[in-house]
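Shown next, in structure tokens, is the structure this report addresses.
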Amino acid sequence: MYLLFIVLMVLAAILMCFVVLIQNSKGGGLSSSFASSNQIMGVRKTTDFIEKLTWGLAVFMVVISIATSYVVPAAHEGTSVILDQAVKEQKTNPLNAPSGFAAPSADEAPATEAPATEG
């Protein structure tokens with residue numbers, strides 16, 4: 001079911017791209033070159049159909065997005081590369097310091113000043 005929703009979403013997105021390109025813009029858009037469709041249905045009916053198709057595809061994409069979120073497989077649910085890295089780092093880093101931070105080890109003695117030599 002999840003895969004079906006993903007395929008439907010991709011098809012709707014591709015169709016939406018074509019519909020938006022066909023729409024009449026201030027410069028005429030690609031719809032100005034479809035003279036035969038304007039003669040058959042009339043200019044106003046073509047514009048109404050394309051606008052309704054755009055809104056219909058937008059609503060369809062929203063509904064499919066919501067439906068997809070309810071049928072996400074358990075394997076994909078809650079997986080995040082960033083969250084996994086943070087959990088792993090928290091377990092291995094006792095200071096909770098960022099990963100490039102070198103913590104001093106307990107074995108090292110504090111640095112002492114070297115005796116000054118005159119020369």
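Identifiers in the structure tokens: chain A, B, ... in order shown; residue index from 1 per chain; ligand index from 1 in order shown.
Every protein or nucleic acid residue with an atom no more than 9 Å from Val20 in chain A, counting only C-alpha atoms and leaving out same-chain residues fewer than 5 positions away, appears here: Leu15, Ile50 and Thr54 of chain A.
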Restricting the output to all heavy atoms, write the selected residues as a PDB file, in the first residue's frame.
ATOM      1  N   LEU A  15       2.505  15.064 -13.384  1.00  0.00           N
ATOM      2  CA  LEU A  15       1.344  15.636 -14.074  1.00  0.00           C
ATOM      3  C   LEU A  15       1.133  17.091 -13.672  1.00  0.00           C
ATOM      4  O   LEU A  15       0.792  17.928 -14.521  1.00  0.00           O
ATOM      5  CB  LEU A  15       0.103  14.801 -13.768  1.00  0.00           C
ATOM      6  CG  LEU A  15      -1.155  15.137 -14.561  1.00  0.00           C
ATOM      7  CD1 LEU A  15      -0.915  14.975 -16.055  1.00  0.00           C
ATOM      8  CD2 LEU A  15      -2.307  14.247 -14.124  1.00  0.00           C
ATOM      9  N   ILE A  50      -8.183  23.668 -16.941  1.00  0.00           N
ATOM     10  CA  ILE A  50      -6.794  23.584 -16.465  1.00  0.00           C
ATOM     11  C   ILE A  50      -6.702  24.046 -15.014  1.00  0.00           C
ATOM     12  O   ILE A  50      -5.988  23.448 -14.208  1.00  0.00           O
ATOM     13  CB  ILE A  50      -5.860  24.395 -17.389  1.00  0.00           C
ATOM     14  CG1 ILE A  50      -5.783  23.723 -18.752  1.00  0.00           C
ATOM     15  CG2 ILE A  50      -4.468  24.517 -16.786  1.00  0.00           C
ATOM     16  CD1 ILE A  50      -5.028  24.497 -19.797  1.00  0.00           C
ATOM     17  N   THR A  54      -5.579  21.725 -11.890  1.00  0.00           N
ATOM     18  CA  THR A  54      -4.492  22.114 -10.983  1.00  0.00           C
ATOM     19  C   THR A  54      -4.933  21.986  -9.528  1.00  0.00           C
ATOM     20  O   THR A  54      -4.216  21.412  -8.693  1.00  0.00           O
ATOM     21  CB  THR A  54      -4.044  23.558 -11.269  1.00  0.00           C
ATOM     22  OG1 THR A  54      -3.671  23.670 -12.640  1.00  0.00           O
ATOM     23  CG2 THR A  54      -2.866  23.946 -10.394  1.00  0.00           C
TER      24      THR A  54
END
Item checked: Selection: 12 Å around Phe18 in chain A, only C-alpha atoms, excl. self and same-chain fewer than 2 positions, as a list in words -> Leu11, Ala12, Ala13, Ile14, Leu15, Met16, Val20, Leu21, Ile22, Gln23, Gly29, Leu30, Ser31, Ile50, Leu53, Thr54 and Leu57 of chain A
Check: What does the distance between CA of Val19 in chain A and CA of Glu51 in chain A come to in Å, to one decimal place?
Finding: 8.7 Å
Note to self: Excluding Ser65 in chain A and its own-chain neighbours fewer than 4 positions away, which residues fall within 8 Å of it when counting only C-alpha atoms? Please give them as a list of chain:residue names.
What the structure shows: A:Met9, A:Met61, A:Ser69
